[in-house]
file my_file.pdb (PDB, C-alpha atoms)
MODEL        1
ATOM      1  CA  MET R   1     -27.614 -23.851  30.190
ATOM      2  CA  SER R   2     -24.378 -23.389  32.054
ATOM      3  CA  ASP R   3     -22.173 -20.321  31.847
ATOM      4  CA  THR R   4     -19.382 -22.435  30.291
ATOM      5  CA  THR R   5     -21.666 -23.561  27.450
ATOM      6  CA  THR R   6     -22.665 -19.965  26.696
ATOM      7  CA  ARG R   7     -19.024 -18.883  26.506
ATOM      8  CA  GLN R   8     -18.211 -21.779  24.146
ATOM      9  CA  GLN R   9     -21.063 -20.756  21.825
ATOM     10  CA  ALA R  10     -19.850 -17.172  21.819
ATOM     11  CA  THR R  11     -16.347 -18.291  20.927
ATOM     12  CA  ALA R  12     -17.480 -20.725  18.243
ATOM     13  CA  ASP R  13     -19.767 -18.310  16.379
ATOM     14  CA  PRO R  14     -19.874 -14.788  17.813
ATOM     15  CA  ALA R  15     -22.484 -13.599  15.296
ATOM     16  CA  THR R  16     -25.102 -16.084  16.548
ATOM     17  CA  ALA R  17     -24.074 -16.337  20.195
ATOM     18  CA  THR R  18     -26.647 -15.745  22.877
ATOM     19  CA  THR R  19     -26.307 -14.644  26.439
ATOM     20  CA  GLY R  20     -27.619 -16.706  29.337
ATOM     21  CA  ALA R  21     -30.872 -14.711  29.155
ATOM     22  CA  GLY R  22     -31.367 -15.679  25.492
ATOM     23  CA  THR R  23     -30.869 -12.229  23.928
ATOM     24  CA  SER R  24     -28.648 -11.800  20.863
ATOM     25  CA  LEU R  25     -25.302 -10.103  21.214
ATOM     26  CA  ALA R  26     -24.897  -6.954  19.148
ATOM     27  CA  LEU R  27     -21.400  -7.153  17.736
ATOM     28  CA  ALA R  28     -19.896  -4.272  15.862
ATOM     29  CA  LYS R  29     -18.200  -5.454  12.688
ATOM     30  CA  ASN R  30     -16.132  -3.605  10.173
ATOM     31  CA  GLU R  31     -18.200  -4.642   7.156
ATOM     32  CA  SER R  32     -16.708  -3.993   3.779
ATOM     33  CA  ALA R  33     -18.751  -2.773   0.838
ATOM     34  CA  LEU R  34     -17.291  -5.778  -1.002
ATOM     35  CA  ALA R  35     -19.236  -8.360   1.025
ATOM     36  CA  GLY R  36     -22.961  -8.167   1.466
ATOM     37  CA  ASP R  37     -26.045 -10.242   2.128
ATOM     38  CA  ARG R  38     -26.355 -11.356  -1.474
ATOM     39  CA  GLY R  39     -22.783 -12.074  -2.409
ATOM     40  CA  LYS R  40     -19.154 -11.087  -2.374
ATOM     41  CA  THR R  41     -17.157  -8.915  -4.766
ATOM     42  CA  SER R  42     -13.522  -9.765  -5.409
ATOM     43  CA  ILE R  43     -11.170  -7.337  -7.112
ATOM     44  CA  SER R  44      -8.170  -8.611  -9.037
ATOM     45  CA  ASP R  45      -4.642  -7.346  -8.396
ATOM     46  CA  VAL R  46      -4.476  -6.181 -12.024
ATOM     47  CA  VAL R  47      -7.492  -3.909 -11.547
ATOM     48  CA  VAL R  48      -5.950  -2.233  -8.510
ATOM     49  CA  ALA R  49      -2.580  -1.954 -10.302
ATOM     50  CA  LYS R  50      -4.204  -0.235 -13.297
ATOM     51  CA  ILE R  51      -5.997   2.250 -11.046
ATOM     52  CA  ALA R  52      -2.721   2.984  -9.219
ATOM     53  CA  GLY R  53      -0.807   3.350 -12.508
ATOM     54  CA  ILE R  54      -3.297   5.818 -13.961
ATOM     55  CA  ALA R  55      -3.445   7.779 -10.689
ATOM     56  CA  THR R  56       0.369   7.966 -10.598
ATOM     57  CA  ARG R  57       0.648   9.233 -14.178
ATOM     58  CA  GLU R  58      -1.876  12.018 -13.423
ATOM     59  CA  ILE R  59       0.604  13.770 -11.114
ATOM     60  CA  ASP R  60       2.732  16.576 -12.567
ATOM     61  CA  GLY R  61       6.410  15.840 -12.047
ATOM     62  CA  VAL R  62       6.174  12.130 -12.894
ATOM     63  CA  TYR R  63       8.129  11.695 -16.122
ATOM     64  CA  ASP R  64       7.673   7.934 -16.396
ATOM     65  CA  VAL R  65       6.634   4.956 -14.308
ATOM     66  CA  GLY R  66       8.819   1.911 -13.753
ATOM     67  CA  GLY R  67      12.418   0.941 -13.254
ATOM     68  CA  VAL R  68      15.006   0.723 -16.025
ATOM     69  CA  THR R  69      14.036  -2.746 -17.231
ATOM     70  CA  GLU R  70      10.319  -2.005 -17.201
ATOM     71  CA  ARG R  71      10.823   1.212 -19.157
ATOM     72  CA  VAL R  72      12.959  -0.546 -21.798
ATOM     73  CA  VAL R  73      10.260  -3.185 -22.242
ATOM     74  CA  GLY R  74       7.696  -0.378 -22.437
ATOM     75  CA  LYS R  75       9.659   1.371 -25.205
ATOM     76  CA  VAL R  76       9.830  -1.867 -27.192
ATOM     77  CA  ARG R  77       6.097  -2.386 -26.670
ATOM     78  CA  ASP R  78       5.410   1.140 -27.956
ATOM     79  CA  VAL R  79       7.067   0.479 -31.333
ATOM     80  CA  LEU R  80       5.469  -2.917 -31.944
ATOM     81  CA  PRO R  81       2.274  -2.727 -33.982
ATOM     82  CA  GLY R  82      -0.881  -3.789 -32.183
ATOM     83  CA  THR R  83       0.437  -3.223 -28.666
ATOM     84  CA  THR R  84      -0.412  -0.537 -26.151
ATOM     85  CA  THR R  85       1.367   1.063 -23.232
ATOM     86  CA  SER R  86       0.966  -0.961 -20.044
ATOM     87  CA  THR R  87      -0.815   0.959 -17.297
ATOM     88  CA  THR R  88       0.571  -1.466 -14.722
ATOM     89  CA  GLN R  89       4.216  -0.821 -15.624
ATOM     90  CA  GLY R  90       6.138   0.039 -12.458
ATOM     91  CA  ILE R  91       3.243  -0.822 -10.155
ATOM     92  CA  THR R  92       3.172  -3.748  -7.727
ATOM     93  CA  VAL R  93       0.138  -4.416  -5.550
ATOM     94  CA  GLU R  94      -0.983  -6.832  -2.889
ATOM     95  CA  VAL R  95      -4.739  -7.096  -2.561
ATOM     96  CA  GLY R  96      -6.524  -8.776   0.318
ATOM     97  CA  GLU R  97     -10.219  -9.064   1.080
ATOM     98  CA  ARG R  98     -10.495  -5.540   2.472
ATOM     99  CA  GLN R  99      -7.068  -3.936   2.102
ATOM    100  CA  ALA R 100      -4.471  -3.196  -0.529
ATOM    101  CA  ALA R 101      -0.802  -2.205  -0.455
ATOM    102  CA  VAL R 102       0.889  -0.531  -3.425
ATOM    103  CA  ASP R 103       4.501  -0.087  -4.548
ATOM    104  CA  VAL R 104       5.148   2.545  -7.224
ATOM    105  CA  SER R 105       8.418   3.012  -9.150
ATOM    106  CA  ILE R 106       8.872   6.310 -10.962
ATOM    107  CA  VAL R 107      11.246   8.597 -12.819
ATOM    108  CA  ALA R 108      10.843  12.178 -11.595
ATOM    109  CA  ASP R 109      11.275  15.364 -13.601
ATOM    110  CA  TYR R 110      14.332  17.380 -12.624
ATOM    111  CA  GLY R 111      13.543  20.318 -10.357
ATOM    112  CA  VAL R 112      10.534  18.750  -8.657
ATOM    113  CA  ALA R 113      10.661  18.356  -4.880
ATOM    114  CA  ILE R 114      10.743  14.583  -4.599
ATOM    115  CA  HIS R 115       9.212  14.416  -1.120
ATOM    116  CA  GLN R 116       6.256  16.530  -2.273
ATOM    117  CA  LEU R 117       5.946  14.464  -5.449
ATOM    118  CA  ALA R 118       5.833  11.235  -3.430
ATOM    119  CA  ALA R 119       3.202  12.702  -1.090
ATOM    120  CA  ALA R 120       1.062  13.786  -4.058
ATOM    121  CA  ILE R 121       1.348  10.325  -5.634
ATOM    122  CA  ARG R 122       0.366   8.726  -2.331
ATOM    123  CA  ARG R 123      -2.689  10.964  -1.926
ATOM    124  CA  ASN R 124      -3.880  10.428  -5.502
ATOM    125  CA  VAL R 125      -3.338   6.657  -5.517
ATOM    126  CA  ILE R 126      -5.064   6.193  -2.147
ATOM    127  CA  ALA R 127      -8.028   8.359  -3.150
ATOM    128  CA  ALA R 128      -8.462   6.612  -6.509
ATOM    129  CA  ILE R 129      -8.247   3.068  -5.160
ATOM    130  CA  GLU R 130     -10.456   3.697  -2.138
ATOM    131  CA  GLN R 131     -13.063   5.555  -4.181
ATOM    132  CA  MET R 132     -13.224   3.040  -7.035
ATOM    133  CA  THR R 133     -12.883  -0.234  -5.123
ATOM    134  CA  GLY R 134     -13.876   0.357  -1.511
ATOM    135  CA  LEU R 135     -10.607  -1.239  -0.400
ATOM    136  CA  GLU R 136      -8.615   0.373   2.403
ATOM    137  CA  VAL R 137      -5.121   1.266   1.201
ATOM    138  CA  THR R 138      -2.686   0.460   3.987
ATOM    139  CA  GLU R 139       0.441   1.848   2.319
ATOM    140  CA  VAL R 140       1.788   3.333  -0.881
ATOM    141  CA  ASN R 141       5.568   3.038  -1.205
ATOM    142  CA  VAL R 142       7.178   5.279  -3.809
ATOM    143  CA  ALA R 143      10.613   4.421  -5.227
ATOM    144  CA  VAL R 144      12.309   7.066  -7.374
ATOM    145  CA  HIS R 145      14.667   5.285  -9.776
ATOM    146  CA  ASP R 146      15.905   8.214 -11.829
ATOM    147  CA  ILE R 147      15.575  11.907 -12.606
ATOM    148  CA  HIS R 148      14.730  13.080 -16.096
ATOM    149  CA  PHE R 149      16.437  16.192 -17.437
ATOM    150  CA  GLY R 150      14.473  18.110 -20.070
ATOM    151  CA  ASP R 151      17.457  18.295 -22.397
ATOM    152  CA  ASP R 152      17.753  14.479 -22.513
ATOM    153  CA  ASP R 153      15.034  14.379 -25.173
ATOM    154  CA  ALA R 154      16.369  17.209 -27.340
ATOM    155  CA  PRO R 155      18.178  15.998 -30.460
ATOM    156  CA  SER R 156      21.794  17.008 -30.577
ATOM    157  CA  ASP R 157      22.861  19.417 -33.369
ATOM    158  CA  GLU R 158      26.487  18.511 -32.907
ATOM    159  CA  THR R 159      28.135  16.280 -35.447
ATOM    160  CA  PRO R 160      29.584  13.157 -33.926
ATOM    161  CA  ARG R 161      33.356  13.077 -33.488
ATOM    162  CA  VAL R 162      33.556   9.639 -35.056
ATOM    163  CA  GLN R 163      31.835   8.749 -38.303
TER     164      GLN R 163
ENDMDL
END
call {"tool": "encode", "arguments": {"input": "my_file.pdb", "output": "C-alpha cells"}}
result
Amino acid sequence: MSDTTTRQQATADPATATTGAGTSLALAKNESALAGDRGKTSISDVVVAKIAGIATREIDGVYDVGGVTERVVGKVRDVLPGTTTSTTQGITVEVGERQAAVDVSIVADYGVAIHQLAAAIRRNVIAAIEQMTGLEVTEVNVAVHDIHFGDDDAPSDETPRVQ
C-alpha cells in the first residue's frame, strides 16, 4: 500500500484509518454525553429555554423576564382561565448538537447592581443547562429592558384629579 493511499484513507474516515504498518490510529475526540454507542439524544430548544427561564427567575434582583411586549402578553395569559405563566418568556436559545447559546431579557429591581445581577444570571443559567443537558453553553447574553421600582406596585391613595 502506498503512502498516498494511507493518507487518503485517513482523510476519508479518520476513525478507521490505519497507518502503513496496519495499526489503528488513536484519535482523541470530544465525545458528548448526548451521543453514544447505542443511540443519540437530541434536546429541543424549548427544553433548554425552559431551563434557562427557571434558572433566571431563581436569581434575587430579577423582577420579571422578557421585554415589554412579552410581559404584556404574559399579563394577559395570567388572567385567562386555563393558562399558565410561560417559563420561556424572555428567553431565546440556539441549540446545536453539543452547544447552546442563550439570550435573556429581564427587568431588574431598583437598587441591584446590574453587572453583578447579569453575572449571577449567567452563572446560574450555565450551571443549570450544563448539568441537566450535558450541552456546553457558549454564551449567555443578558439584556436589561427596564428597572422596577418597589412603589410601582403600591396602590395610590390619592384621589384622581379628574373624575
call {"tool": "resolve_selection", "arguments": {"input": "my_file.pdb", "expression": "the PyMOL selection byres ((chain R and resi 42) around 12)", "output": "PyMOL selection string"}}
result
chain R and resi 32-36+39-41+43-48+95-99+133-135
call {"tool": "write_last_selection", "arguments": {"input": "my_file.pdb", "atoms": "C-alpha atoms", "output": "short mmCIF file (atom, residue, chain, number, x, y, z; two decimals), in the frame of the given file"}}
result
data_model
loop_
_atom_site.label_atom_id
_atom_site.label_comp_id
_atom_site.auth_asym_id
_atom_site.auth_seq_id
_atom_site.Cartn_x
_atom_site.Cartn_y
_atom_site.Cartn_z
CA SER R 32 -16.71 -3.99 3.78
CA ALA R 33 -18.75 -2.77 0.84
CA LEU R 34 -17.29 -5.78 -1.00
CA ALA R 35 -19.24 -8.36 1.02
CA GLY R 36 -22.96 -8.17 1.47
CA GLY R 39 -22.78 -12.07 -2.41
CA LYS R 40 -19.15 -11.09 -2.37
CA THR R 41 -17.16 -8.91 -4.77
CA ILE R 43 -11.17 -7.34 -7.11
CA SER R 44 -8.17 -8.61 -9.04
CA ASP R 45 -4.64 -7.35 -8.40
CA VAL R 46 -4.48 -6.18 -12.02
CA VAL R 47 -7.49 -3.91 -11.55
CA VAL R 48 -5.95 -2.23 -8.51
CA VAL R 95 -4.74 -7.10 -2.56
CA GLY R 96 -6.52 -8.78 0.32
CA GLU R 97 -10.22 -9.06 1.08
CA ARG R 98 -10.50 -5.54 2.47
CA GLN R 99 -7.07 -3.94 2.10
CA THR R 133 -12.88 -0.23 -5.12
CA GLY R 134 -13.88 0.36 -1.51
CA LEU R 135 -10.61 -1.24 -0.40
#
call {"tool": "residues_around", "arguments": {"input": "my_file.pdb", "residues": "stretch 88-93 of chain R", "least_positions_apart": "2", "cutoff": "6 Å", "atoms": "only C-alpha atoms", "output": "PyMOL selection string"}}
result
chain R and resi 49-50+53+65-66+86+101-105
call {"tool": "write_last_selection", "arguments": {"input": "my_file.pdb", "atoms": "C-alpha atoms", "output": "compact mmCIF listing (two decimals), in the coordinates of the input"}}
result
# COMPACT_ATOMS: atom_id res chain seq x y z
CA ALA R 49 -2.58 -1.95 -10.30
CA LYS R 50 -4.20 -0.24 -13.30
CA GLY R 53 -0.81 3.35 -12.51
CA VAL R 65 6.63 4.96 -14.31
CA GLY R 66 8.82 1.91 -13.75
CA SER R 86 0.97 -0.96 -20.04
CA ALA R 101 -0.80 -2.20 -0.46
CA VAL R 102 0.89 -0.53 -3.42
CA ASP R 103 4.50 -0.09 -4.55
CA VAL R 104 5.15 2.54 -7.22
CA SER R 105 8.42 3.01 -9.15
call {"tool": "atom_distance", "arguments": {"input": "my_file.pdb", "atom1": "atom CA of R:Asp60", "atom2": "atom CA of R:Pro81"}}
result
28.8 Å
call {"tool": "atom_distance", "arguments": {"input": "my_file.pdb", "atom1": "atom CA of R:Ala100", "atom2": "atom CA of R:Arg122"}}
result
13.0 Å
call {"tool": "closest_residue", "arguments": {"input": "my_file.pdb", "among": "R:Val162, R:Ala52, R:His145, R:Gly150", "to": "R:Gly67", "atoms": "only C-alpha atoms"}}
result
R:His145
call {"tool": "atom_distance", "arguments": {"input": "my_file.pdb", "atom1": "atom CA of R:Gln131", "atom2": "atom CA of R:Ile106"}}
result
23.0 Å
call {"tool": "closest_residue", "arguments": {"input": "my_file.pdb", "among": "R:Asp109, R:Asp151, R:Glu94, R:Asp37", "to": "R:Gly61", "atoms": "all atoms listed in the file"}}
result
R:Asp109
call {"tool": "resolve_selection", "arguments": {"input": "my_file.pdb", "expression": "the PyMOL selection byres ((chain R and resi 62) around 10)", "output": "number ranges by chain"}}
result
R: 56-61, 63-65, 106-110, 112, 114, 117-118, 121, 144, 147-148
call {"tool": "write_last_selection", "arguments": {"input": "my_file.pdb", "atoms": "C-alpha atoms", "output": "mmCIF file, in the coordinates of the input"}}
result
data_model
loop_
_atom_site.group_PDB
_atom_site.id
_atom_site.type_symbol
_atom_site.label_atom_id
_atom_site.label_comp_id
_atom_site.auth_asym_id
_atom_site.auth_seq_id
_atom_site.Cartn_x
_atom_site.Cartn_y
_atom_site.Cartn_z
ATOM 1 C CA THR R 56 0.369 7.966 -10.598
ATOM 2 C CA ARG R 57 0.648 9.233 -14.178
ATOM 3 C CA GLU R 58 -1.876 12.018 -13.423
ATOM 4 C CA ILE R 59 0.604 13.770 -11.114
ATOM 5 C CA ASP R 60 2.732 16.576 -12.567
ATOM 6 C CA GLY R 61 6.410 15.840 -12.047
ATOM 7 C CA TYR R 63 8.129 11.695 -16.122
ATOM 8 C CA ASP R 64 7.673 7.934 -16.396
ATOM 9 C CA VAL R 65 6.634 4.956 -14.308
ATOM 10 C CA ILE R 106 8.872 6.310 -10.962
ATOM 11 C CA VAL R 107 11.246 8.597 -12.819
ATOM 12 C CA ALA R 108 10.843 12.178 -11.595
ATOM 13 C CA ASP R 109 11.275 15.364 -13.601
ATOM 14 C CA TYR R 110 14.332 17.380 -12.624
ATOM 15 C CA VAL R 112 10.534 18.750 -8.657
ATOM 16 C CA ILE R 114 10.743 14.583 -4.599
ATOM 17 C CA LEU R 117 5.946 14.464 -5.449
ATOM 18 C CA ALA R 118 5.833 11.235 -3.430
ATOM 19 C CA ILE R 121 1.348 10.325 -5.634
ATOM 20 C CA VAL R 144 12.309 7.066 -7.374
ATOM 21 C CA ILE R 147 15.575 11.907 -12.606
ATOM 22 C CA HIS R 148 14.730 13.080 -16.096
#
call {"tool": "axis_aligned_box", "arguments": {"input": "my_file.pdb", "around": "stretch 91-99 of chain R", "padding_each_side": "6 Å", "output": "JSON"}}
result
{"center_x": -3.6, "center_y": -4.9, "center_z": -3.8, "size_x": 25.7, "size_y": 20.2, "size_z": 24.6}
